[in-house]
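Printed here is entry18.txt (compact mmCIF, C-alpha atoms):
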```
# COMPACT_ATOMS: atom_id res chain seq x y z
CA MET O 1 -15.32 7.68 -34.44
CA PRO O 2 -11.87 7.76 -36.06
CA GLU O 3 -10.30 9.13 -32.86
CA ASP O 4 -11.62 6.20 -30.83
CA ALA O 5 -10.27 3.82 -33.42
CA ALA O 6 -6.88 5.50 -33.29
CA VAL O 7 -6.83 5.36 -29.49
CA ALA O 8 -7.86 1.71 -29.57
CA ARG O 9 -5.11 0.97 -32.09
CA LEU O 10 -2.54 2.78 -29.96
CA ARG O 11 -3.68 0.85 -26.91
CA ALA O 12 -3.43 -2.42 -28.80
CA VAL O 13 0.10 -1.56 -29.93
CA ALA O 14 1.07 -0.57 -26.37
CA ALA O 15 -0.44 -3.79 -25.00
CA LYS O 16 1.39 -5.86 -27.58
CA SER O 17 4.70 -4.21 -26.83
CA ALA O 18 4.09 -4.68 -23.09
CA GLU O 19 3.31 -8.34 -23.69
CA GLY O 20 6.51 -8.62 -25.70
CA ARG O 21 8.48 -7.28 -22.76
CA TRP O 22 6.70 -9.73 -20.45
CA GLU O 23 8.52 -12.59 -22.13
CA GLU O 24 11.34 -11.64 -19.79
CA VAL O 25 10.71 -13.20 -16.41
CA GLY O 26 12.01 -10.20 -14.49
CA VAL O 27 9.78 -7.73 -16.32
CA LEU O 28 6.73 -9.98 -16.03
CA THR O 29 7.09 -10.69 -12.31
CA ARG O 30 7.72 -7.02 -11.61
CA ALA O 31 4.61 -6.03 -13.56
CA VAL O 32 2.52 -8.60 -11.65
CA ARG O 33 3.93 -7.37 -8.37
CA ALA O 34 3.13 -3.78 -9.36
CA GLY O 35 -0.53 -4.78 -9.79
CA ASP O 36 -0.88 -5.12 -13.57
CA ALA O 37 -3.88 -7.39 -14.16
CA ARG O 38 -2.94 -8.13 -17.79
CA ALA O 39 0.54 -9.13 -16.72
CA PHE O 40 -0.97 -11.46 -14.18
CA ALA O 41 -3.19 -13.02 -16.84
CA ARG O 42 -0.11 -13.55 -18.98
CA PHE O 43 1.77 -15.05 -16.06
CA TYR O 44 -1.15 -17.37 -15.41
CA ASP O 45 -1.21 -18.48 -19.06
CA LEU O 46 2.52 -19.17 -19.03
CA HIS O 47 2.86 -20.96 -15.72
CA GLY O 48 -0.59 -22.12 -14.63
CA PHE O 49 -0.55 -25.46 -16.37
CA ARG O 50 2.92 -26.29 -15.12
CA VAL O 51 1.75 -25.69 -11.55
CA TYR O 52 -1.31 -27.83 -12.16
CA LYS O 53 0.81 -30.72 -13.46
CA HIS O 54 3.04 -30.51 -10.41
CA LEU O 55 -0.02 -30.59 -8.19
CA LEU O 56 -1.33 -33.59 -10.07
CA VAL O 57 1.84 -35.49 -9.16
CA LEU O 58 1.67 -34.33 -5.52
CA ALA O 59 -1.99 -35.34 -5.33
CA LYS O 60 -1.09 -38.73 -6.81
CA GLY O 61 -3.22 -38.28 -9.86
CA ASP O 62 -6.32 -37.10 -8.00
CA GLU O 63 -7.67 -34.40 -10.30
CA ASN O 64 -10.18 -33.10 -7.77
CA VAL O 65 -7.50 -32.49 -5.16
CA ALA O 66 -5.20 -30.95 -7.76
CA ARG O 67 -7.99 -28.62 -8.88
CA GLU O 68 -8.77 -27.59 -5.31
CA ILE O 69 -5.15 -26.81 -4.46
CA PHE O 70 -4.61 -25.12 -7.78
CA GLN O 71 -7.25 -22.55 -6.92
CA THR O 72 -5.55 -21.89 -3.59
CA VAL O 73 -2.20 -21.51 -5.31
CA ALA O 74 -3.66 -19.12 -7.89
CA ILE O 75 -5.03 -16.92 -5.09
CA LYS O 76 -1.69 -17.04 -3.28
CA LEU O 77 0.08 -15.92 -6.44
CA ALA O 78 -2.37 -13.07 -6.88
CA LYS O 79 -1.84 -12.03 -3.26
CA LYS O 80 1.90 -12.15 -3.17
CA MET O 81 4.23 -12.34 -6.11
CA GLU O 82 7.97 -12.47 -5.74
CA ILE O 83 10.30 -10.92 -8.30
CA PHE O 84 12.58 -13.26 -10.22
CA ASP O 85 15.11 -12.62 -12.93
CA GLU O 86 15.62 -16.28 -13.81
CA GLU O 87 13.02 -18.69 -15.10
CA ARG O 88 14.59 -21.51 -13.12
CA ALA O 89 14.26 -19.68 -9.81
CA LEU O 90 10.67 -18.80 -10.63
CA ARG O 91 9.82 -22.44 -11.38
CA ALA O 92 11.41 -23.57 -8.14
CA TRP O 93 9.44 -20.96 -6.21
CA LEU O 94 6.18 -21.97 -7.91
CA GLN O 95 6.85 -25.59 -6.99
CA SER O 96 7.45 -24.64 -3.38
CA VAL O 97 4.24 -22.57 -3.29
CA ALA O 98 2.31 -25.54 -4.72
CA ARG O 99 3.97 -27.93 -2.30
CA ASN O 100 3.16 -25.74 0.71
CA ALA O 101 -0.45 -25.42 -0.42
CA PHE O 102 -0.63 -29.21 -0.74
CA ILE O 103 0.78 -29.70 2.77
CA ASP O 104 -1.71 -27.17 4.15
CA LEU O 105 -4.57 -29.05 2.52
CA CYS O 106 -3.35 -32.37 3.92
CA ARG O 107 -3.11 -30.91 7.42
CA THR O 108 -6.57 -29.41 7.14
CA ARG O 109 -7.98 -32.72 6.03
CA LYS O 110 -6.22 -34.48 8.85
CA ARG O 111 -7.79 -32.06 11.31
CA GLU O 112 -11.16 -32.69 9.74
CA ALA O 113 -10.51 -36.43 10.26
CA LYS O 114 -10.68 -37.17 6.57
CA LEU O 115 -7.50 -38.94 7.39
CA VAL O 116 -4.55 -38.60 5.13
CA PRO O 117 -1.64 -40.08 7.09
CA MET O 118 1.38 -37.81 7.29
CA ASP O 119 3.65 -40.61 6.06
CA GLU O 120 1.65 -40.64 2.84
CA ILE O 121 2.33 -36.95 2.46
CA GLU O 122 6.01 -37.54 3.07
CA VAL O 123 6.05 -40.16 0.31
CA ALA O 124 4.36 -37.76 -2.04
CA LEU O 125 6.86 -35.05 -1.20
CA GLU O 126 9.96 -37.21 -1.24
CA PRO O 127 12.89 -35.44 -2.86
CA GLY O 128 14.70 -36.75 -5.90
CA THR O 129 12.73 -36.97 -9.07
CA GLY O 130 10.78 -33.84 -9.87
CA SER O 131 7.19 -33.79 -11.05
CA PRO O 132 8.04 -33.40 -14.79
CA ASP O 133 10.21 -36.50 -14.65
CA ARG O 134 7.53 -38.53 -12.92
CA LEU O 135 4.94 -37.41 -15.44
CA ARG O 136 7.22 -38.23 -18.38
CA GLU O 137 7.97 -41.66 -17.00
CA GLY O 138 4.27 -42.26 -16.47
CA LEU O 139 3.49 -41.05 -19.98
CA ASN O 140 6.07 -43.35 -21.52
CA ARG O 141 4.62 -46.31 -19.65
CA ALA O 142 1.09 -45.34 -20.67
CA LEU O 143 2.15 -44.95 -24.31
CA ALA O 144 3.82 -48.35 -24.19
CA GLU O 145 0.41 -49.86 -23.62
CA CYS O 146 -0.99 -48.27 -26.77
CA ALA O 147 -0.91 -49.81 -30.22
CA PRO O 148 2.05 -48.67 -32.40
CA GLU O 149 -0.20 -46.88 -34.87
CA GLU O 150 -1.91 -45.02 -32.04
CA ARG O 151 1.49 -43.84 -30.76
CA GLU O 152 2.31 -42.69 -34.28
CA TRP O 153 -0.86 -40.63 -34.53
CA LEU O 154 -0.26 -39.03 -31.17
CA ASN O 155 3.35 -38.19 -32.01
CA ALA O 156 2.50 -36.88 -35.47
CA ILE O 157 -0.19 -34.53 -34.24
CA TYR O 158 0.96 -33.40 -30.79
CA VAL O 159 4.75 -33.59 -31.14
CA ASP O 160 5.47 -33.03 -34.85
CA GLY O 161 2.62 -30.56 -35.19
CA LYS O 162 0.91 -32.16 -38.19
CA SER O 163 -2.75 -31.40 -38.74
CA VAL O 164 -5.48 -33.95 -38.04
CA GLY O 165 -6.55 -33.84 -41.68
CA GLU O 166 -3.04 -34.60 -42.89
CA VAL O 167 -2.63 -37.58 -40.58
CA ALA O 168 -6.13 -38.78 -41.43
CA ALA O 169 -5.27 -38.69 -45.14
CA GLN O 170 -1.98 -40.53 -44.55
CA SER O 171 -3.64 -43.25 -42.48
CA GLY O 172 -6.59 -43.63 -44.85
CA GLN O 173 -9.41 -42.66 -42.53
CA SER O 174 -11.85 -39.78 -42.31
CA TYR O 175 -11.12 -36.61 -40.36
CA LYS O 176 -14.02 -37.21 -37.97
CA ALA O 177 -13.08 -40.81 -37.37
CA LEU O 178 -9.50 -39.88 -36.49
CA GLU O 179 -10.66 -37.00 -34.31
CA SER O 180 -12.94 -39.22 -32.22
CA ARG O 181 -10.25 -41.91 -32.03
CA LEU O 182 -7.78 -39.32 -30.78
CA ALA O 183 -10.21 -38.15 -28.10
CA ARG O 184 -10.67 -41.68 -26.85
CA LEU O 185 -6.92 -42.27 -27.05
CA ARG O 186 -6.12 -39.17 -25.00
CA LEU O 187 -8.63 -40.23 -22.37
CA LYS O 188 -7.16 -43.72 -22.23
CA VAL O 189 -3.57 -42.49 -21.88
CA ARG O 190 -4.59 -39.96 -19.22
CA LYS O 191 -6.43 -42.56 -17.17
CA ASN O 192 -3.45 -44.87 -17.42
CA LEU O 193 -1.08 -42.10 -16.40
CA LEU O 194 -3.18 -41.01 -13.40
CA THR O 195 -3.56 -44.61 -12.27
CA GLN O 196 0.18 -45.00 -12.33
CA LEU O 197 0.60 -41.86 -10.24
CA ARG O 198 -1.96 -43.15 -7.76
CA HIS O 199 -0.10 -46.43 -7.30
CA GLU O 200 3.42 -45.02 -7.14
CA MET F 1 20.64 -30.60 -25.90
CA ASN F 2 18.98 -33.74 -27.20
CA LYS F 3 17.58 -34.44 -23.80
CA LYS F 4 16.01 -31.00 -23.67
CA PHE F 5 14.59 -31.50 -27.16
CA ASP F 6 13.12 -34.87 -26.16
CA SER F 7 11.67 -33.50 -22.97
CA ASP F 8 10.09 -30.60 -24.89
CA ARG F 9 8.53 -33.08 -27.31
CA GLU F 10 7.29 -35.20 -24.46
CA ASP F 11 5.94 -32.12 -22.70
CA ALA F 12 3.92 -31.18 -25.77
CA LEU F 13 2.33 -34.63 -25.77
CA LEU F 14 1.89 -34.54 -22.00
CA ASP F 15 0.13 -31.19 -22.23
CA ALA F 16 -2.21 -32.56 -24.86
CA ILE F 17 -3.00 -35.60 -22.71
CA LEU F 18 -3.47 -33.74 -19.41
CA GLY F 19 -5.02 -30.59 -20.84
CA GLY F 20 -8.48 -32.05 -20.84
CA GLU F 21 -11.68 -31.03 -19.15
CA ALA F 22 -10.26 -31.32 -15.64
CA TRP F 23 -7.55 -28.80 -16.45
CA LEU F 24 -9.97 -26.48 -18.22
CA GLU F 25 -12.25 -26.47 -15.17
CA ALA F 26 -9.32 -25.87 -12.84
CA GLU F 27 -7.96 -23.17 -15.15
CA VAL F 28 -11.23 -21.25 -15.30
CA ALA F 29 -11.93 -21.51 -11.56
CA GLY F 30 -8.35 -20.60 -10.64
CA ARG F 31 -8.26 -17.65 -13.03
CA ARG F 32 -11.56 -16.31 -11.72
CA ALA F 33 -10.49 -16.60 -8.09
CA ALA F 34 -7.03 -15.18 -8.73
CA LEU F 35 -8.27 -12.22 -10.75
CA ALA F 36 -10.90 -11.46 -8.09
CA GLU F 37 -8.17 -11.48 -5.46
CA PHE F 38 -5.90 -9.45 -7.69
CA ARG F 39 -8.56 -6.79 -8.23
CA ALA F 40 -9.36 -6.72 -4.51
CA ARG F 41 -5.66 -6.14 -3.85
CA GLN F 42 -5.64 -3.32 -6.38
CA ARG F 43 -8.70 -1.78 -4.72
CA ARG F 44 -7.05 -2.01 -1.30
CA ARG F 45 -3.94 -0.40 -2.72
CA LYS F 46 -5.99 2.43 -4.26
CA VAL F 47 -7.87 3.01 -1.00
CA ARG F 48 -4.59 3.15 0.94
CA LEU F 49 -3.19 5.61 -1.59
CA TRP F 50 -6.34 7.71 -1.45
CA LEU F 51 -6.28 7.76 2.36
CA ALA F 52 -2.64 8.78 2.38
CA GLN F 53 -3.35 11.61 -0.06
CA ALA F 54 -6.35 12.76 1.98
CA ALA F 55 -4.26 12.73 5.16
CA ALA F 56 -1.55 14.75 3.43
CA VAL F 57 -4.10 17.32 2.23
CA LEU F 58 -5.62 17.57 5.70
CA LEU F 59 -2.22 18.06 7.28
CA LEU F 60 -1.40 20.72 4.74
CA ALA F 61 -4.70 22.49 5.38
CA ALA F 62 -4.16 22.31 9.11
CA GLY F 63 -0.71 23.75 8.64
CA VAL F 64 -1.95 26.63 6.48
CA PHE F 65 -5.07 27.57 8.42
CA GLY F 66 -4.09 26.51 11.91
CA TRP F 67 -0.60 27.99 12.05
CA PRO F 68 -1.54 31.60 12.94
CA LYS F 69 -3.67 30.35 15.86
CA LEU F 70 -0.89 28.09 17.03
CA ALA F 71 1.62 30.91 16.74
CA LYS F 72 -0.59 33.10 18.94
CA VAL F 73 -0.17 30.80 21.91
CA ALA F 74 3.24 29.47 21.04
CA PRO F 75 5.47 30.02 24.08
CA SER F 76 8.60 30.24 22.06
CA ALA F 77 7.36 32.90 19.67
CA PRO F 78 10.26 35.20 18.91
CA VAL F 79 9.99 38.57 20.56
CA ALA F 80 10.99 41.37 18.29
CA THR F 81 10.23 44.43 20.36
CA VAL F 82 9.22 45.14 23.90
CA ALA F 83 7.17 48.26 24.36
CA VAL F 84 6.63 49.51 27.84
CA ASN F 85 3.92 52.04 28.27
CA LYS F 86 5.02 54.05 31.20
CA PRO F 87 2.39 56.14 32.90
CA ALA F 88 2.27 59.26 30.94
CA MET F 89 3.99 62.10 32.59
CA PRO F 90 1.31 64.65 32.98
CA ALA F 91 2.19 67.90 31.35
CA SER F 92 -0.27 69.42 33.64
CA ILE F 93 -2.11 67.74 36.38
CA GLY F 94 -5.72 68.71 36.70
CA SER F 95 -7.47 69.74 39.80
CA LYS F 96 -8.41 66.13 40.41
CA ILE F 97 -5.86 63.30 40.30
CA MET F 98 -6.04 59.77 41.52
CA PRO F 99 -3.89 59.25 44.57
CA ALA F 100 -0.97 56.85 44.64
CA ALA F 101 -3.01 53.97 46.07
CA ASN F 102 -5.36 53.91 43.07
CA THR F 103 -2.83 54.57 40.35
CA PRO F 104 -2.95 51.70 37.84
CA ALA F 105 0.12 49.63 37.15
CA ALA F 106 2.27 50.47 34.21
CA ASP F 107 1.00 48.92 31.01
CA LEU F 108 3.46 46.49 29.60
CA ALA F 109 2.92 45.17 26.13
CA VAL F 110 5.19 42.57 24.53
CA VAL F 111 4.96 42.56 20.76
CA PRO F 112 6.28 39.49 18.91
CA ALA F 113 7.63 39.52 15.38
CA ASN F 114 4.27 38.78 13.81
CA GLY F 115 2.75 41.80 15.47
CA LEU F 116 0.43 39.91 17.77
CA PRO F 117 0.51 40.89 21.43
CA VAL F 118 1.75 38.34 23.93
CA LYS F 119 1.25 38.49 27.66
CA PRO F 120 4.44 39.74 29.26
CA GLU F 121 4.80 36.80 31.64
CA SER F 122 4.63 34.30 28.74
CA GLY F 123 7.38 35.91 26.70
CA ALA F 124 10.78 34.41 27.26
CA ALA F 125 12.50 37.66 26.37
CA ALA F 126 9.98 39.95 28.01
CA ALA F 127 11.29 42.82 30.05
CA PRO F 128 11.63 42.00 33.71
CA ASP F 129 8.46 42.99 35.55
CA LYS F 130 9.28 45.69 38.09
CA GLY F 131 5.71 45.74 39.32
CA PRO F 132 3.40 48.74 39.40
CA GLN F 133 5.11 52.08 39.82
CA TYR F 134 3.53 54.41 42.34
CA ILE F 135 4.36 57.74 43.90
CA SER F 136 3.48 58.58 47.42
CA GLU F 137 1.21 61.44 48.50
CA GLU F 138 4.30 63.35 49.68
CA GLU F 139 6.03 62.93 46.33
CA LEU F 140 2.87 64.11 44.58
CA LEU F 141 2.61 67.20 46.78
CA ALA F 142 6.35 67.89 46.33
CA MET F 143 5.74 68.27 42.59
CA PHE F 144 3.86 71.52 43.22
CA PRO F 145 4.89 74.69 45.01
CA LYS F 146 4.69 74.21 48.70
CA GLY F 147 1.28 75.08 50.17
CA SER F 148 -0.37 75.42 46.75
CA CYS F 149 -2.35 72.20 47.13
CA THR F 150 -3.31 69.44 49.52
CA ILE F 151 -4.87 65.97 49.44
CA ALA F 152 -8.36 65.72 50.78
CA GLU F 153 -10.96 62.96 50.92
CA VAL F 154 -14.07 63.81 48.90
CA ASN F 155 -16.91 61.28 48.86
CA GLY F 156 -14.59 58.56 50.17
CA GLN F 157 -11.95 59.18 47.45
CA LYS F 158 -8.70 61.02 47.91
CA GLU F 159 -8.33 64.00 45.61
CA LEU F 160 -5.71 66.66 44.98
CA ILE F 161 -7.16 70.07 45.79
CA PHE F 162 -5.40 73.23 44.57
CA PHE F 163 -5.66 76.47 46.46
CA ASP F 164 -4.20 78.50 43.64
CA GLN F 165 -5.89 78.28 40.19
CA LYS F 166 -2.72 79.50 38.50
CA VAL F 167 -0.61 76.66 39.88
CA GLU F 168 -3.29 74.19 38.86
CA LYS F 169 -3.12 75.50 35.27
CA GLU F 170 0.70 75.44 35.11
CA GLY F 171 0.84 71.84 36.26
CA ALA F 172 3.47 69.84 38.08
CA VAL F 173 7.22 69.82 37.65
CA TYR F 174 8.45 66.28 37.15
CA LYS F 175 11.76 65.42 38.73
CA GLY F 176 12.04 61.78 37.81
CA GLY F 177 10.85 58.65 39.52
CA TRP F 178 7.91 57.84 37.26
CA ASN F 179 8.93 54.45 36.14
```
Can you dump the structure from the file as structure tokens?
Amino acid sequence: MPEDAAVARLRAVAAKSAEGRWEEVGVLTRAVRAGDARAFARFYDLHGFRVYKHLLVLAKGDENVAREIFQTVAIKLAKKMEIFDEERALRAWLQSVARNAFIDLCRTRKREAKLVPMDEIEVALEPGTGSPDRLREGLNRALAECAPEEREWLNAIYVDGKSVGEVAAQSGQSYKALESRLARLRLKVRKNLLTQLRHE
Amino acid sequence: MNKKFDSDREDALLDAILGGEAWLEAEVAGRRAALAEFRARQRRRKVRLWLAQAAAVLLLAAGVFGWPKLAKVAPSAPVATVAVNKPAMPASIGSKIMPAANTPAADLAVVPANGLPVKPESGAAAAPDKGPQYISEEELLAMFPKGSCTIAEVNGQKELIFFDQKVEKEGAVYKGGWN
């Protein structure tokens, strides 16, 4: 069916050009607001993880709570999207949506007598340092507890963008060995980071 | 600038550290829930749109098909002409004529612009109703040569009886006063 193929190709081109336009915050938020499901998926890809990280800080490193609130926030975003022309304003709004969802959850839990004292919530929501700063500080402290070579591997692969094979060759170990070491290393740093958040 | 660069580098590492299974689970569950809500919102929007269109079509249909009926009873229908059917002046009055008491009222017909008849009392611009126009027995008799006819009661009904067949054929002479 050459016609079908042509139509599919045209659709793909149209979708790609639409996605290109969605790089602009104003266009993307307007498309989501207008009910474009693909625009929403793109919005979710771009901003979902940032919201999750913010929730992780609010929930003091409790991944279950962060996951629960994240779902609520995702539904809220699907229900009501505001239009923004600046990325900064959008980020601030997303943080406030996440924060409100977190407060709602805390209040619900308080009502259900799974007591979370309000003063704890206030500590979690105290103004000043934002969630990215807290996470970065926590990461730096967690990395400080790693061996220097482990820090080098992490930096080379995740920051400098080198491949695992390349780093494995440089450090004189097999690809598989480095891959499994990296997995364990990531887990260790994450645990350390979440523990720090919990005890802040 | 350097600070931004450093924070971007740190963010890349942070994403790698935190983007584990917990995030993947949250991502999948959140996406599923959000897209379900998003599609439900789209459905609601479509239903609202469909209902609005249906209502518009119904209103249009009611306007097209219901307007003539509404116009028929509309009190403010414009009155184009007022036709008053006066009792026809008899060119010749037969040997039998209904007396004044039984003469029907003048027929008044108000015709609006669309050609449909409207009751005279409902028309704002209808001609003033003067009531039924009658002539008395004396006036009726005066229309004929004196002594050529009289009014008599036959079978309980008053009738005009002519003594002279010629006068009956010639008919009455109208001198006004019929409306």
(message) From the options F:Gly156, F:Pro145, F:Gly66, F:Gly20, which residue's atoms come nearest to chain O, counting all atoms listed in the file?
(response)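 Smallest separation from chain O among the options: F:Gly20.
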(request) Fewer than 2 positions away in the same chain doesn't count, so skip those; otherwise give me all residues within 10 Å of range 162-166 of chain F, counting only C-alpha atoms, as a PyMOL selection string. (result) chain F and resi 94-96+144-145+147-151+159-160+168-171
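Minimum distance to Leu58 in chain O across O:Ile83, O:Cys106, O:Leu185, O:Ala177 (counting all atoms listed in the file) occurs at O:Cys106.
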(request) Would you mind reading off the distance between CA of Ala34 in chain F and CA of Ala41 in chain O, one decimal, in Å? (result)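 For CA of Ala34 in chain F relative to CA of Ala41 in chain O, the distance reads 9.2 Å.
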Give me, as a PDB file with C-alpha atoms, in the coordinates of the input, the residues of chain O touching chain F, with the criterion being at most 9 Å (counting all atoms listed in the file).
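That gives us result.pdb:
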```
ATOM      1  CA  GLY O  35      -0.530  -4.780  -9.790  1.00  0.00           C
ATOM      2  CA  ASP O  36      -0.880  -5.120 -13.570  1.00  0.00           C
ATOM      3  CA  ALA O  37      -3.880  -7.390 -14.160  1.00  0.00           C
ATOM      4  CA  PHE O  40      -0.970 -11.460 -14.180  1.00  0.00           C
ATOM      5  CA  ALA O  41      -3.190 -13.020 -16.840  1.00  0.00           C
ATOM      6  CA  TYR O  44      -1.150 -17.370 -15.410  1.00  0.00           C
ATOM      7  CA  GLY O  48      -0.590 -22.120 -14.630  1.00  0.00           C
ATOM      8  CA  PHE O  49      -0.550 -25.460 -16.370  1.00  0.00           C
ATOM      9  CA  TYR O  52      -1.310 -27.830 -12.160  1.00  0.00           C
ATOM     10  CA  LYS O  53       0.810 -30.720 -13.460  1.00  0.00           C
ATOM     11  CA  GLU O  63      -7.670 -34.400 -10.300  1.00  0.00           C
ATOM     12  CA  ASN O  64     -10.180 -33.100  -7.770  1.00  0.00           C
ATOM     13  CA  ALA O  66      -5.200 -30.950  -7.760  1.00  0.00           C
ATOM     14  CA  ARG O  67      -7.990 -28.620  -8.880  1.00  0.00           C
ATOM     15  CA  GLU O  68      -8.770 -27.590  -5.310  1.00  0.00           C
ATOM     16  CA  PHE O  70      -4.610 -25.120  -7.780  1.00  0.00           C
ATOM     17  CA  GLN O  71      -7.250 -22.550  -6.920  1.00  0.00           C
ATOM     18  CA  THR O  72      -5.550 -21.890  -3.590  1.00  0.00           C
ATOM     19  CA  VAL O  73      -2.200 -21.510  -5.310  1.00  0.00           C
ATOM     20  CA  ALA O  74      -3.660 -19.120  -7.890  1.00  0.00           C
ATOM     21  CA  ILE O  75      -5.030 -16.920  -5.090  1.00  0.00           C
ATOM     22  CA  LYS O  76      -1.690 -17.040  -3.280  1.00  0.00           C
ATOM     23  CA  LEU O  77       0.080 -15.920  -6.440  1.00  0.00           C
ATOM     24  CA  ALA O  78      -2.370 -13.070  -6.880  1.00  0.00           C
ATOM     25  CA  LYS O  79      -1.840 -12.030  -3.260  1.00  0.00           C
ATOM     26  CA  PRO O 132       8.040 -33.400 -14.790  1.00  0.00           C
ATOM     27  CA  ASP O 133      10.210 -36.500 -14.650  1.00  0.00           C
ATOM     28  CA  LEU O 135       4.940 -37.410 -15.440  1.00  0.00           C
ATOM     29  CA  ARG O 136       7.220 -38.230 -18.380  1.00  0.00           C
ATOM     30  CA  LEU O 139       3.490 -41.050 -19.980  1.00  0.00           C
ATOM     31  CA  ASN O 140       6.070 -43.350 -21.520  1.00  0.00           C
ATOM     32  CA  LEU O 154      -0.260 -39.030 -31.170  1.00  0.00           C
ATOM     33  CA  ASN O 155       3.350 -38.190 -32.010  1.00  0.00           C
ATOM     34  CA  ILE O 157      -0.190 -34.530 -34.240  1.00  0.00           C
ATOM     35  CA  TYR O 158       0.960 -33.400 -30.790  1.00  0.00           C
ATOM     36  CA  VAL O 159       4.750 -33.590 -31.140  1.00  0.00           C
ATOM     37  CA  ASP O 160       5.470 -33.030 -34.850  1.00  0.00           C
ATOM     38  CA  LEU O 185      -6.920 -42.270 -27.050  1.00  0.00           C
ATOM     39  CA  ARG O 186      -6.120 -39.170 -25.000  1.00  0.00           C
ATOM     40  CA  LEU O 187      -8.630 -40.230 -22.370  1.00  0.00           C
ATOM     41  CA  VAL O 189      -3.570 -42.490 -21.880  1.00  0.00           C
ATOM     42  CA  ARG O 190      -4.590 -39.960 -19.220  1.00  0.00           C
TER      43      ARG O 190
END
```
(message) One decimal, in Å: what's the spacing between CA of Leu193 in chain O and CA of Ala92 in chain O?
(response)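 Pair CA of Leu193 in chain O / CA of Ala92 in chain O returns 23.8 Å.
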(message) Using all atoms listed in the file for the distances, tell me which of O:Cys146, O:Ala34, O:Ala59, O:Val97 is nearest to Leu197 in chain O.
(response) O:Ala59
(request) Using CA of Ser174 in chain O and CA of Glu150 in chain O as the two end points, give the distance in Å to one decimal. (result) 15.2 Å
Expected axis-aligned box over every listed atom of range 24-40 of chain O, 3 Å added per side, centre plus edges in Å to one decimal, as JSON:
```
{"center_x": 4.1, "center_y": -8.5, "center_z": -14.1, "size_x": 21.9, "size_y": 15.4, "size_z": 17.4}
```
